[in-house]
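So this one's data12.pdb, PDB, C-alpha atoms and all ligand atoms:
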```pdb
ATOM      1  CA  MET A   1      75.288 102.627 119.598
ATOM      2  CA  ASP A   2      76.039 100.690 122.757
ATOM      3  CA  THR A   3      79.119 102.501 123.998
ATOM      4  CA  SER A   4      79.425 105.688 121.956
ATOM      5  CA  ASN A   5      77.329 108.248 120.132
ATOM      6  CA  ASP A   6      80.266 108.850 117.814
ATOM      7  CA  PHE A   7      82.255 106.622 115.484
ATOM      8  CA  LEU A   8      85.828 107.553 116.338
ATOM      9  CA  SER A   9      87.443 104.166 116.839
ATOM     10  CA  ILE A  10      86.674 100.470 116.480
ATOM     11  CA  ARG A  11      87.897 100.262 120.080
ATOM     12  CA  ASP A  12      84.882 102.191 121.397
ATOM     13  CA  PHE A  13      82.483  99.313 120.752
ATOM     14  CA  SER A  14      81.892  95.802 121.990
ATOM     15  CA  PRO A  15      82.615  92.838 119.690
ATOM     16  CA  GLU A  16      78.843  92.247 119.500
ATOM     17  CA  LYS A  17      78.223  95.823 118.347
ATOM     18  CA  ILE A  18      80.870  95.564 115.637
ATOM     19  CA  ARG A  19      79.220  92.361 114.399
ATOM     20  CA  GLU A  20      75.776  93.998 114.528
ATOM     21  CA  LEU A  21      77.043  96.911 112.442
ATOM     22  CA  LEU A  22      78.459  94.493 109.862
ATOM     23  CA  ASP A  23      75.118  92.644 109.805
ATOM     24  CA  LEU A  24      73.314  95.958 109.290
ATOM     25  CA  ALA A  25      75.719  96.914 106.495
ATOM     26  CA  ALA A  26      75.058  93.566 104.795
ATOM     27  CA  ASP A  27      71.305  94.140 105.093
ATOM     28  CA  ILE A  28      71.574  97.668 103.693
ATOM     29  CA  LYS A  29      73.668  96.314 100.816
ATOM     30  CA  ALA A  30      71.097  93.592 100.093
ATOM     31  CA  SER A  31      67.993  95.821 100.471
ATOM     32  CA  PRO A  32      69.001  99.442  99.897
ATOM     33  CA  LYS A  33      65.425 100.539  99.094
ATOM     34  CA  THR A  34      64.263  99.655 102.619
ATOM     35  CA  TYR A  35      66.528 102.416 103.906
ATOM     36  CA  ALA A  36      65.849 104.972 101.171
ATOM     37  CA  ALA A  37      64.108 107.411 103.533
ATOM     38  CA  ALA A  38      65.779 106.338 106.771
ATOM     39  CA  LEU A  39      67.587 109.668 107.268
ATOM     40  CA  HIS A  40      65.092 111.822 105.422
ATOM     41  CA  GLY A  41      65.999 115.499 105.670
ATOM     42  CA  LYS A  42      69.178 114.972 107.745
ATOM     43  CA  THR A  43      72.429 116.656 106.803
ATOM     44  CA  LEU A  44      76.003 115.410 107.108
ATOM     45  CA  ALA A  45      78.866 117.939 107.104
ATOM     46  CA  MET A  46      82.075 116.477 105.670
ATOM     47  CA  ILE A  47      85.274 118.224 106.790
ATOM     48  CA  PHE A  48      88.320 117.236 104.754
ATOM     49  CA  GLU A  49      91.808 118.387 105.700
ATOM     50  CA  LYS A  50      93.399 115.761 103.430
ATOM     51  CA  PRO A  51      92.506 114.562  99.902
ATOM     52  CA  SER A  52      90.048 111.729  99.266
ATOM     53  CA  LEU A  53      88.260 109.813  96.544
ATOM     54  CA  ARG A  54      86.516 106.914  98.298
ATOM     55  CA  THR A  55      85.669 108.563 101.615
ATOM     56  CA  ARG A  56      84.201 111.642 100.007
ATOM     57  CA  VAL A  57      82.191 109.826  97.361
ATOM     58  CA  THR A  58      80.879 107.051  99.609
ATOM     59  CA  PHE A  59      79.762 109.392 102.401
ATOM     60  CA  ASP A  60      78.181 111.765  99.895
ATOM     61  CA  VAL A  61      76.376 109.058  97.928
ATOM     62  CA  GLY A  62      75.619 107.118 101.125
ATOM     63  CA  ILE A  63      73.746 109.916 102.900
ATOM     64  CA  GLN A  64      71.788 110.663  99.712
ATOM     65  CA  GLN A  65      70.798 107.002  99.435
ATOM     66  CA  LEU A  66      69.429 107.270 102.982
ATOM     67  CA  GLY A  67      67.311 110.299 102.074
ATOM     68  CA  GLY A  68      69.640 112.961 103.484
ATOM     69  CA  PHE A  69      72.088 115.573 102.237
ATOM     70  CA  SER A  70      75.789 116.254 102.588
ATOM     71  CA  LEU A  71      77.968 119.282 102.312
ATOM     72  CA  TYR A  72      81.664 119.208 101.571
ATOM     73  CA  LEU A  73      83.953 121.549 103.504
ATOM     74  CA  SER A  74      87.417 121.739 101.969
ATOM     75  CA  PRO A  75      90.660 122.495 103.830
ATOM     76  CA  ALA A  76      90.601 125.999 102.361
ATOM     77  CA  GLU A  77      87.085 126.709 103.639
ATOM     78  CA  ILE A  78      87.463 125.560 107.226
ATOM     79  CA  ASN A  79      91.204 125.780 107.916
ATOM     80  CA  LEU A  80      90.523 124.053 111.223
ATOM     81  CA  GLY A  81      92.349 125.501 114.205
ATOM     82  CA  LYS A  82      93.732 128.415 112.177
ATOM     83  CA  ARG A  83      90.816 130.365 110.702
ATOM     84  CA  GLU A  84      88.599 129.081 113.496
ATOM     85  CA  SER A  85      89.079 126.901 116.584
ATOM     86  CA  VAL A  86      87.915 123.276 116.709
ATOM     87  CA  TYR A  87      85.560 124.345 119.520
ATOM     88  CA  ASP A  88      83.897 127.079 117.485
ATOM     89  CA  VAL A  89      83.543 124.884 114.407
ATOM     90  CA  ALA A  90      81.846 122.221 116.561
ATOM     91  CA  LYS A  91      79.542 124.732 118.287
ATOM     92  CA  ASN A  92      78.463 126.237 114.955
ATOM     93  CA  LEU A  93      77.922 123.023 113.043
ATOM     94  CA  GLU A  94      75.920 121.314 115.800
ATOM     95  CA  ARG A  95      73.196 123.932 115.221
ATOM     96  CA  MET A  96      73.120 123.411 111.459
ATOM     97  CA  VAL A  97      73.673 119.733 110.675
ATOM     98  CA  GLN A  98      72.927 116.378 112.298
ATOM     99  CA  CYS A  99      76.359 114.715 111.969
ATOM    100  CA  ILE A 100      79.970 115.595 111.118
ATOM    101  CA  MET A 101      82.420 113.356 109.267
ATOM    102  CA  ILE A 102      85.980 114.572 109.600
ATOM    103  CA  ARG A 103      89.274 113.585 107.943
ATOM    104  CA  THR A 104      92.218 115.253 109.602
ATOM    105  CA  PHE A 105      95.777 114.844 110.877
ATOM    106  CA  ALA A 106      95.981 114.558 114.691
ATOM    107  CA  HIS A 107      93.551 112.022 116.150
ATOM    108  CA  GLU A 108      93.062 114.365 119.075
ATOM    109  CA  ILE A 109      91.132 116.745 116.779
ATOM    110  CA  VAL A 110      88.311 114.246 116.171
ATOM    111  CA  GLN A 111      88.244 113.462 119.887
ATOM    112  CA  ARG A 112      87.927 117.156 120.767
ATOM    113  CA  MET A 113      85.270 117.657 118.105
ATOM    114  CA  ALA A 114      83.280 114.782 119.660
ATOM    115  CA  GLU A 115      83.705 116.254 123.127
ATOM    116  CA  TYR A 116      82.438 119.708 122.093
ATOM    117  CA  ALA A 117      79.693 118.880 119.592
ATOM    118  CA  ALA A 118      76.280 117.640 120.689
ATOM    119  CA  ILE A 119      75.920 115.767 117.388
ATOM    120  CA  PRO A 120      77.684 112.521 116.328
ATOM    121  CA  ILE A 121      81.205 112.705 114.896
ATOM    122  CA  ILE A 122      82.579 110.121 112.444
ATOM    123  CA  ASN A 123      86.319 109.589 112.002
ATOM    124  CA  GLY A 124      86.989 109.608 108.244
ATOM    125  CA  LEU A 125      90.747 108.976 108.829
ATOM    126  CA  THR A 126      93.313 110.456 111.163
ATOM    127  CA  ASP A 127      97.065 109.881 111.402
ATOM    128  CA  PHE A 128      96.235 107.211 114.007
ATOM    129  CA  SER A 129      93.286 105.291 112.600
ATOM    130  CA  HIS A 130      90.799 104.670 109.812
ATOM    131  CA  PRO A 131      87.861 102.823 111.384
ATOM    132  CA  CYS A 132      85.406 103.082 108.449
ATOM    133  CA  GLN A 133      88.038 101.390 106.290
ATOM    134  CA  ALA A 134      88.413  98.466 108.694
ATOM    135  CA  MET A 135      84.642  97.959 108.739
ATOM    136  CA  ALA A 136      84.638  97.733 104.930
ATOM    137  CA  ASP A 137      87.647  95.395 105.039
ATOM    138  CA  PHE A 138      85.963  92.947 107.379
ATOM    139  CA  LEU A 139      82.618  93.145 105.574
ATOM    140  CA  THR A 140      84.532  92.078 102.460
ATOM    141  CA  ILE A 141      86.374  89.287 104.278
ATOM    142  CA  ARG A 142      83.098  88.018 105.748
ATOM    143  CA  GLU A 143      81.380  88.105 102.350
ATOM    144  CA  VAL A 144      84.055  85.934 100.800
ATOM    145  CA  LYS A 145      85.146  83.702 103.666
ATOM    146  CA  GLY A 146      81.803  83.447 105.487
ATOM    147  CA  THR A 147      83.446  84.130 108.844
ATOM    148  CA  VAL A 148      86.363  86.023 110.360
ATOM    149  CA  ALA A 149      87.164  84.084 113.540
ATOM    150  CA  GLY A 150      90.428  82.156 113.214
ATOM    151  CA  LEU A 151      91.416  83.576 109.822
ATOM    152  CA  LYS A 152      95.018  84.662 109.338
ATOM    153  CA  VAL A 153      94.965  88.298 108.229
ATOM    154  CA  ALA A 154      98.423  89.573 107.299
ATOM    155  CA  PHE A 155      99.107  93.277 106.983
ATOM    156  CA  ILE A 156     102.456  93.844 105.241
ATOM    157  CA  GLY A 157     103.987  97.332 105.091
ATOM    158  CA  ASP A 158     103.839 100.381 107.338
ATOM    159  CA  GLY A 159     102.340 100.068 110.846
ATOM    160  CA  ASN A 160     100.081 103.024 110.087
ATOM    161  CA  ASN A 161      96.505 104.240 110.619
ATOM    162  CA  VAL A 162      95.049 101.501 108.392
ATOM    163  CA  ALA A 163      97.121  98.828 110.161
ATOM    164  CA  HIS A 164      95.877 100.065 113.546
ATOM    165  CA  SER A 165      92.199  99.884 112.602
ATOM    166  CA  LEU A 166      92.661  96.499 110.907
ATOM    167  CA  MET A 167      94.228  95.222 114.136
ATOM    168  CA  PHE A 168      91.413  96.639 116.261
ATOM    169  CA  ALA A 169      88.679  95.145 114.097
ATOM    170  CA  GLY A 170      90.541  91.838 113.797
ATOM    171  CA  ALA A 171      90.826  91.742 117.583
ATOM    172  CA  GLN A 172      87.098  92.402 117.964
ATOM    173  CA  LEU A 173      86.196  89.657 115.491
ATOM    174  CA  GLY A 174      88.588  86.913 116.607
ATOM    175  CA  ALA A 175      91.077  86.956 113.713
ATOM    176  CA  ARG A 176      94.755  85.982 113.812
ATOM    177  CA  VAL A 177      96.288  89.296 112.774
ATOM    178  CA  TRP A 178      99.909  89.460 111.649
ATOM    179  CA  VAL A 179     101.648  92.762 110.985
ATOM    180  CA  ALA A 180     104.981  92.653 109.113
ATOM    181  CA  THR A 181     106.903  95.924 109.022
ATOM    182  CA  PRO A 182     110.497  97.082 108.725
ATOM    183  CA  LEU A 183     112.227  97.643 112.045
ATOM    184  CA  GLY A 184     111.099 100.963 113.494
ATOM    185  CA  TYR A 185     107.823 101.076 111.509
ATOM    186  CA  GLU A 186     105.773  98.821 113.791
ATOM    187  CA  PRO A 187     102.239  99.796 114.829
ATOM    188  CA  SER A 188     101.953 101.831 118.034
ATOM    189  CA  ALA A 189     102.727  99.777 121.149
ATOM    190  CA  GLU A 190      99.602 101.079 122.841
ATOM    191  CA  ALA A 191      97.451  99.949 119.884
ATOM    192  CA  VAL A 192      99.029  96.481 119.937
ATOM    193  CA  LYS A 193      98.477  96.214 123.694
ATOM    194  CA  TRP A 194      94.780  97.056 123.352
ATOM    195  CA  ALA A 195      94.296  94.567 120.503
ATOM    196  CA  ARG A 196      96.039  91.777 122.432
ATOM    197  CA  GLU A 197      93.926  92.429 125.515
ATOM    198  CA  ARG A 198      90.699  92.414 123.489
ATOM    199  CA  GLY A 199      91.944  89.219 121.855
ATOM    200  CA  GLN A 200      91.927  87.453 125.217
ATOM    201  CA  GLN A 201      88.164  87.939 125.188
ATOM    202  CA  THR A 202      87.532  87.054 121.521
ATOM    203  CA  GLY A 203      90.233  84.481 120.711
ATOM    204  CA  ALA A 204      92.082  86.910 118.421
ATOM    205  CA  THR A 205      95.874  87.012 118.354
ATOM    206  CA  ILE A 206      98.198  89.815 117.241
ATOM    207  CA  THR A 207     101.681  88.895 116.000
ATOM    208  CA  LEU A 208     104.326  91.405 114.933
ATOM    209  CA  THR A 209     107.238  90.441 112.732
ATOM    210  CA  ASN A 210     109.898  92.032 110.549
ATOM    211  CA  HIS A 211     109.727  89.097 108.101
ATOM    212  CA  PRO A 212     107.112  89.487 105.353
ATOM    213  CA  VAL A 213     107.257  85.811 104.332
ATOM    214  CA  GLU A 214     106.463  84.739 107.891
ATOM    215  CA  ALA A 215     103.340  86.921 107.828
ATOM    216  CA  ALA A 216     102.300  85.816 104.330
ATOM    217  CA  THR A 217     102.719  82.083 104.961
ATOM    218  CA  ASP A 218      99.315  80.337 104.956
ATOM    219  CA  ALA A 219      97.521  83.684 105.219
ATOM    220  CA  ASP A 220      93.834  83.879 104.298
ATOM    221  CA  VAL A 221      94.098  87.617 103.647
ATOM    222  CA  ILE A 222      97.095  89.680 102.540
ATOM    223  CA  TYR A 223      96.678  93.408 103.054
ATOM    224  CA  THR A 224      98.936  96.314 102.230
ATOM    225  CA  ASP A 225      98.789 100.103 102.084
ATOM    226  CA  VAL A 226     100.987 102.938 100.796
ATOM    227  CA  TRP A 227     104.441 103.229 102.331
ATOM    228  CA  ALA A 228     104.173 107.008 102.829
ATOM    229  CA  SER A 229     100.804 108.176 104.128
ATOM    230  CA  MET A 230      99.249 111.588 103.565
ATOM    231  CA  GLY A 231     101.394 114.060 105.480
ATOM    232  CA  GLN A 232     104.585 111.959 105.048
ATOM    233  CA  GLU A 233     105.297 112.968 101.445
ATOM    234  CA  ALA A 234     108.785 114.279 102.336
ATOM    235  CA  GLU A 235     109.800 110.741 103.405
ATOM    236  CA  THR A 236     108.627 109.079 100.175
ATOM    237  CA  GLU A 237     112.050 108.337  98.627
ATOM    238  CA  GLN A 238     113.632 107.179 101.882
ATOM    239  CA  ARG A 239     110.652 104.924 102.620
ATOM    240  CA  LYS A 240     110.767 103.404  99.121
ATOM    241  CA  ARG A 241     114.242 102.051  99.882
ATOM    242  CA  ILE A 242     113.340 100.802 103.363
ATOM    243  CA  PHE A 243     110.047  99.150 102.370
ATOM    244  CA  LEU A 244     111.092  97.493  99.098
ATOM    245  CA  PRO A 245     111.516  94.029 100.716
ATOM    246  CA  TYR A 246     107.891  94.342 101.882
ATOM    247  CA  GLN A 247     106.421  94.748  98.387
ATOM    248  CA  VAL A 248     103.477  92.398  97.867
ATOM    249  CA  ASP A 249     104.465  90.723  94.602
ATOM    250  CA  SER A 250     103.485  87.338  93.169
ATOM    251  CA  GLU A 251     106.362  85.595  94.955
ATOM    252  CA  LEU A 252     105.332  86.903  98.389
ATOM    253  CA  PHE A 253     101.648  86.245  97.638
ATOM    254  CA  SER A 254     102.465  82.636  96.661
ATOM    255  CA  HIS A 255     103.203  81.859 100.328
ATOM    256  CA  ALA A 256      99.554  82.516 101.221
ATOM    257  CA  ARG A 257      96.784  79.915 101.088
ATOM    258  CA  HIS A 258      95.614  78.941  97.600
ATOM    259  CA  ASP A 259      92.300  80.733  98.200
ATOM    260  CA  ALA A 260      93.822  83.812  99.836
ATOM    261  CA  ILE A 261      92.441  87.242  99.000
ATOM    262  CA  PHE A 262      94.331  90.490  98.488
ATOM    263  CA  LEU A 263      93.037  93.727 100.014
ATOM    264  CA  HIS A 264      94.279  97.332  99.865
ATOM    265  CA  CYS A 265      92.435 100.378 101.212
ATOM    266  CA  LEU A 266      93.479 102.347  98.080
ATOM    267  CA  PRO A 267      94.820 104.582  96.652
ATOM    268  CA  ALA A 268      97.510 102.099  95.580
ATOM    269  CA  HIS A 269     100.948 103.014  94.381
ATOM    270  CA  ARG A 270     101.297 100.240  91.846
ATOM    271  CA  GLY A 271     104.891  99.064  91.540
ATOM    272  CA  ASP A 272     105.675 100.138  95.109
ATOM    273  CA  GLU A 273     103.753  98.344  97.850
ATOM    274  CA  VAL A 274     101.939  96.068  95.362
ATOM    275  CA  THR A 275     102.631  94.889  91.838
ATOM    276  CA  ASP A 276     100.077  94.970  89.015
ATOM    277  CA  ALA A 277     100.218  91.169  88.887
ATOM    278  CA  VAL A 278      98.825  90.955  92.447
ATOM    279  CA  ILE A 279      96.356  93.845  92.500
ATOM    280  CA  ASP A 280      94.911  92.830  89.108
ATOM    281  CA  SER A 281      94.813  89.099  89.914
ATOM    282  CA  PRO A 282      91.597  87.155  90.565
ATOM    283  CA  HIS A 283      92.617  87.042  94.255
ATOM    284  CA  SER A 284      92.323  90.818  94.511
ATOM    285  CA  LEU A 285      89.045  92.199  95.896
ATOM    286  CA  VAL A 286      90.089  95.821  96.173
ATOM    287  CA  TYR A 287      87.126  97.257  94.263
ATOM    288  CA  GLN A 288      84.560  95.178  96.187
ATOM    289  CA  GLU A 289      86.320  96.448  99.314
ATOM    290  CA  ALA A 290      86.059 100.045  98.081
ATOM    291  CA  GLU A 291      82.345  99.612  97.310
ATOM    292  CA  ASN A 292      81.815  98.231 100.793
ATOM    293  CA  ARG A 293      82.865 101.599 102.218
ATOM    294  CA  LEU A 294      79.472 102.791 101.001
ATOM    295  CA  HIS A 295      77.491 100.062 102.736
ATOM    296  CA  VAL A 296      79.307 100.133 106.087
ATOM    297  CA  GLN A 297      79.158 103.913 106.277
ATOM    298  CA  LYS A 298      75.430 103.873 105.534
ATOM    299  CA  ALA A 299      75.103 101.492 108.497
ATOM    300  CA  ILE A 300      77.222 103.766 110.706
ATOM    301  CA  MET A 301      75.323 106.914 109.702
ATOM    302  CA  PHE A 302      71.998 105.162 110.193
ATOM    303  CA  GLU A 303      72.956 103.990 113.682
ATOM    304  CA  LEU A 304      74.208 107.420 114.701
ATOM    305  CA  MET A 305      71.438 109.541 113.203
ATOM    306  CA  LYS A 306      68.390 107.323 113.112
ATOM    307  CA  GLY A 307      66.677 108.915 116.118
ATOM    308  CA  GLU A 308      62.997 108.286 115.539
ATOM    309  CA  ALA A 309      63.515 107.106 111.979
ATOM    310  CA  VAL A 310      60.995 104.583 110.753
ATOM    311  CA  LEU A 311      61.922 102.241 107.960
ATOM    312  CA  ARG A 312      59.193 102.405 105.388
ATOM    313  CA  PRO A 313      58.667 103.280 101.770
ATOM    314  CA  ARG A 314      58.072 107.013 101.269
ATOM    315  CA  ARG A 315      54.416 108.001 101.555
ATOM    316  CA  ALA A 316      52.736 109.494  98.534
ATOM    317  CA  GLU A 317      52.696 113.014 100.020
ATOM    318  CA  GLU A 318      56.479 112.879 100.529
ATOM    319  CA  ARG A 319      57.124 112.175  96.884
ATOM    320  CA  GLU A 320      58.425 114.899  94.685
ATOM    321  CA  ILE A 321      55.781 117.534  93.944
ATOM    322  CA  VAL A 322      55.247 117.825  90.248
ATOM    323  CA  HIS A 323      54.199 121.321  89.172
ATOM    324  CA  THR A 324      51.935 121.346  86.183
TER     325      THR A 324
HETATM  326  N1  LIG B   1      90.648 104.296 101.358
HETATM  327  C1  LIG B   1      90.353 105.602 101.448
HETATM  328  O1  LIG B   1      90.035 106.137 102.521
HETATM  329  O2  LIG B   1      90.403 106.265 100.268
HETATM  330  P1  LIG B   1      90.376 107.859 100.079
HETATM  331  O3  LIG B   1      91.646 108.396 100.712
HETATM  332  O4  LIG B   1      90.337 108.080  98.608
HETATM  333  O5  LIG B   1      89.179 108.405 100.782
HETATM  334  N1  LIG B   2      97.633 105.257 105.159
HETATM  335  C1  LIG B   2      97.019 106.022 104.105
HETATM  336  C2  LIG B   2      95.603 105.614 103.927
HETATM  337  C3  LIG B   2      94.857 106.336 102.827
HETATM  338  C4  LIG B   2      93.417 105.910 102.728
HETATM  339  C5  LIG B   2      97.108 107.498 104.432
HETATM  340  O1  LIG B   2      96.880 107.882 105.581
HETATM  341  O2  LIG B   2      97.439 108.281 103.528
END
```
Show this structure as structure tokens.
Amino acid sequence: MDTSNDFLSIRDFSPEKIRELLDLAADIKASPKTYAAALHGKTLAMIFEKPSLRTRVTFDVGIQQLGGFSLYLSPAEINLGKRESVYDVAKNLERMVQCIMIRTFAHEIVQRMAEYAAIPIINGLTDFSHPCQAMADFLTIREVKGTVAGLKVAFIGDGNNVAHSLMFAGAQLGARVWVATPLGYEPSAEAVKWARERGQQTGATITLTNHPVEAATDADVIYTDVWASMGQEAETEQRKRIFLPYQVDSELFSHARHDAIFLHCLPAHRGDEVTDAVIDSPHSLVYQEAENRLHVQKAIMFELMKGEAVLRPRRAEEREIVHT
């Protein structure tokens, strides 16, 4: 990659590189067989300190579709920082696998892992960001809208990890990103500052508001996420009361453009941040978005691990040996 051998944040890349990765993901989606042996024999370790459906399945299936293998390391097995230090985990795994995907709490853990390990590290979600998700989100937007520049993308809900990465990717791609949150739940000021500065280069704008209707009005994309993220379970009831005016229901969605799309990283808490009527409507592309996790992550893994990889059909001698 042009600016990093890891995939920790959308911020680590140039706008051109983000576009190139989306182009590659689109190509992999259109011609998966071309890449069927691209990472032949390479292994991805997947460290999960939080639950997952999409991230686990799409990384696992994705590396297999590229000719490689994955292994799943559960919270109980690794117990990062308690059973064993981040440093020692990195120094062990770099001798055994070619790439590590990690889902954890503090963002600093993925940064330290990247600093210590000689192999690429992929951020599979931290409390601060979810870059693979934002790549899938913008691949989906591009597929449907043809372009991203100038589109109004409205995130309505908690200014969380998903909101941060959506802002970063929107800033890289020239979108008009709006983030509507309750007072006190805005995205991090440092994240907003970075996105606004990048926007000066790309034409993107970042607007914060506490008024969901203002964000939804004439939006091309309405996006929401859970009100209490993993690790915030104790705040669930309190947040339900605070966030109720930010629920994406048919009334709020009606302020968007007639051809607006609805996105959600999933899992969704139906009846909280989004109603069934919206998430099950023809405007909703949440399952296409989820599938696109597979294609963008194949692109990311390919870029990080390709080394001397040659794209070609498998040769006859590499095919499965049939014992007679
Ligand atoms: N969107 C997403 O990352 O889903 P999982 O938590 O199921 O991996
Ligand atoms: N904000 C959510 C995203 C889940 C994919 C969380 O961190 O739990």
Would you write out, as a tab-separated table, a table of all residues in chain A that have an atom no more than 7 Å from an atom of ligand LIG 1 (chain B), listing for each the closest atom pair and the distance in Å to one decimal, considering all atoms listed in the file and ordering rows by chain and rising residue number?
```
residue	atom	partner	partner_atom	distance
A:Pro51	CA	B:LIG1	O3	6.3
A:Ser52	CA	B:LIG1	O4	3.7
A:Leu53	CA	B:LIG1	O4	3.4
A:Arg54	CA	B:LIG1	O5	3.9
A:Thr55	CA	B:LIG1	O5	3.6
A:Arg56	CA	B:LIG1	O5	6.0
A:Leu125	CA	B:LIG1	O1	7.0
A:Gln133	CA	B:LIG1	N1	6.3
A:Cys265	CA	B:LIG1	N1	4.3
A:Leu266	CA	B:LIG1	N1	4.7
A:Pro267	CA	B:LIG1	O2	6.0
```
| Cut-off 12 Å, all atoms listed in the file, neighbours of ligand LIG 2 (chain B) as a ChimeraX atom specification | /A:49-56,103-107,124-134,157-166,224-233,236,264-269,273,290,293
| note | With distances taken over all atoms listed in the file, the candidate from A:Ala154, A:Ala169, A:Ala136, A:Leu44 nearest Gln288 in chain A is A:Ala136
Evaluate the PyMOL selection byres (((chain A and resi 191) around 10) and not hetatm) here and jot the selected residues down as a PDB file with C-alpha atoms, in the coordinates of the input.
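What landed in part_35.pdb:
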```pdb
ATOM      1  CA  ARG A  11      87.897 100.262 120.080  1.00  0.00           C
ATOM      2  CA  PHE A 128      96.235 107.211 114.007  1.00  0.00           C
ATOM      3  CA  SER A 129      93.286 105.291 112.600  1.00  0.00           C
ATOM      4  CA  ALA A 163      97.121  98.828 110.161  1.00  0.00           C
ATOM      5  CA  HIS A 164      95.877 100.065 113.546  1.00  0.00           C
ATOM      6  CA  SER A 165      92.199  99.884 112.602  1.00  0.00           C
ATOM      7  CA  MET A 167      94.228  95.222 114.136  1.00  0.00           C
ATOM      8  CA  PHE A 168      91.413  96.639 116.261  1.00  0.00           C
ATOM      9  CA  PRO A 187     102.239  99.796 114.829  1.00  0.00           C
ATOM     10  CA  SER A 188     101.953 101.831 118.034  1.00  0.00           C
ATOM     11  CA  ALA A 189     102.727  99.777 121.149  1.00  0.00           C
ATOM     12  CA  GLU A 190      99.602 101.079 122.841  1.00  0.00           C
ATOM     13  CA  VAL A 192      99.029  96.481 119.937  1.00  0.00           C
ATOM     14  CA  LYS A 193      98.477  96.214 123.694  1.00  0.00           C
ATOM     15  CA  TRP A 194      94.780  97.056 123.352  1.00  0.00           C
ATOM     16  CA  ALA A 195      94.296  94.567 120.503  1.00  0.00           C
ATOM     17  CA  ARG A 196      96.039  91.777 122.432  1.00  0.00           C
TER      18      ARG A 196
END
```
| remark: In Å and to one decimal, CA of Ala277 in chain A is distant from CA of Asp249 in chain A by 7.1 Å
Write out as a short mmCIF file (atom, residue, chain, number, x, y, z; two decimals) with C-alpha atoms, in the frame of the given file each polymer residue whose atoms come within 10 Å of range 140-143 of chain A, counting only C-alpha atoms; drop sequence neighbours fewer than 4 positions from it.
```
data_model
loop_
_atom_site.label_atom_id
_atom_site.label_comp_id
_atom_site.auth_asym_id
_atom_site.auth_seq_id
_atom_site.Cartn_x
_atom_site.Cartn_y
_atom_site.Cartn_z
CA LEU A 22 78.46 94.49 109.86
CA ALA A 26 75.06 93.57 104.80
CA ALA A 134 88.41 98.47 108.69
CA MET A 135 84.64 97.96 108.74
CA ALA A 136 84.64 97.73 104.93
CA THR A 147 83.45 84.13 108.84
CA VAL A 148 86.36 86.02 110.36
CA ALA A 149 87.16 84.08 113.54
CA LEU A 151 91.42 83.58 109.82
CA VAL A 153 94.96 88.30 108.23
CA ASP A 220 93.83 83.88 104.30
CA VAL A 221 94.10 87.62 103.65
CA ILE A 261 92.44 87.24 99.00
CA PHE A 262 94.33 90.49 98.49
CA LEU A 263 93.04 93.73 100.01
CA LEU A 285 89.04 92.20 95.90
CA VAL A 286 90.09 95.82 96.17
CA GLN A 288 84.56 95.18 96.19
CA GLU A 289 86.32 96.45 99.31
CA ALA A 290 86.06 100.04 98.08
CA GLU A 291 82.34 99.61 97.31
CA ASN A 292 81.82 98.23 100.79
CA ARG A 293 82.86 101.60 102.22
#
```
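One distance worth recording is that between CA of Leu183 in chain A and CA of Leu244 in chain A, which is 13.0 Å.
Of the residues under consideration (A:Asp23, A:His255, A:Tyr185, A:Gln297), A:Tyr185 shows the shortest atom-to-atom contact distance to Ile242 in chain A when counting all atoms listed in the file.
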| message | Going by the chain IDs and residue numbers used in this file, which residues fall under the PyMOL selection byres (((chain A and resi 209) around 8) and not hetatm)? Write them as a PyMOL selection string. | response | chain A and resi 178-181+207-208+210-212+214-215
| said: Set the distance at 6 Å and use all atoms listed in the file: which residues neighbour Leu66 in chain A once local chain neighbours fewer than 4 positions away are removed? I'd like the list as an MDAnalysis selection string. | reply: chainID A and resid 35:39
| request: Within 10 Å of Thr202 in chain A, counting all atoms listed in the file, which residues show up once you throw out same-chain ones fewer than 2 positions away? Write them as a ChimeraX atom specification, please. | output: /A:15,149,170-175,196-200,204-205
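In terms of minimum interatomic distance to Leu294 in chain A, A:Lys29 ranks closest within A:Lys29, A:Arg270, A:Lys240, A:Arg176, counting only C-alpha atoms.
If you measure from each of A:Ser4, A:Ser14, A:Thr34, A:Ser250 to Gln65 in chain A using all atoms listed in the file, the closest one turns out to be A:Thr34.
Distances from A:His295, A:Val274, A:Glu115, A:Lys33 to Tyr223 in chain A were compared using all atoms listed in the file, and the smallest one belongs to A:Val274.
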| message | Is it possible to get the residues within 9 Å of (74.5, 117.3, 119.6) (coordinates as in the file, counting all atoms listed in the file) written as a ChimeraX atom specification? | response | /A:94-95,98-99,116-120
Same residues, C-alpha atoms, output as a short mmCIF file (atom, residue, chain, number, x, y, z; two decimals), in the frame of the given file:
```cif
data_model
loop_
_atom_site.label_atom_id
_atom_site.label_comp_id
_atom_site.auth_asym_id
_atom_site.auth_seq_id
_atom_site.Cartn_x
_atom_site.Cartn_y
_atom_site.Cartn_z
CA GLU A 94 75.92 121.31 115.80
CA ARG A 95 73.20 123.93 115.22
CA GLN A 98 72.93 116.38 112.30
CA CYS A 99 76.36 114.72 111.97
CA TYR A 116 82.44 119.71 122.09
CA ALA A 117 79.69 118.88 119.59
CA ALA A 118 76.28 117.64 120.69
CA ILE A 119 75.92 115.77 117.39
CA PRO A 120 77.68 112.52 116.33
#
```
| Best match for closeness to Met301 in chain A among A:Tyr87, A:Val61, A:Ser74, A:Ile122, counting only C-alpha atoms | A:Ile122
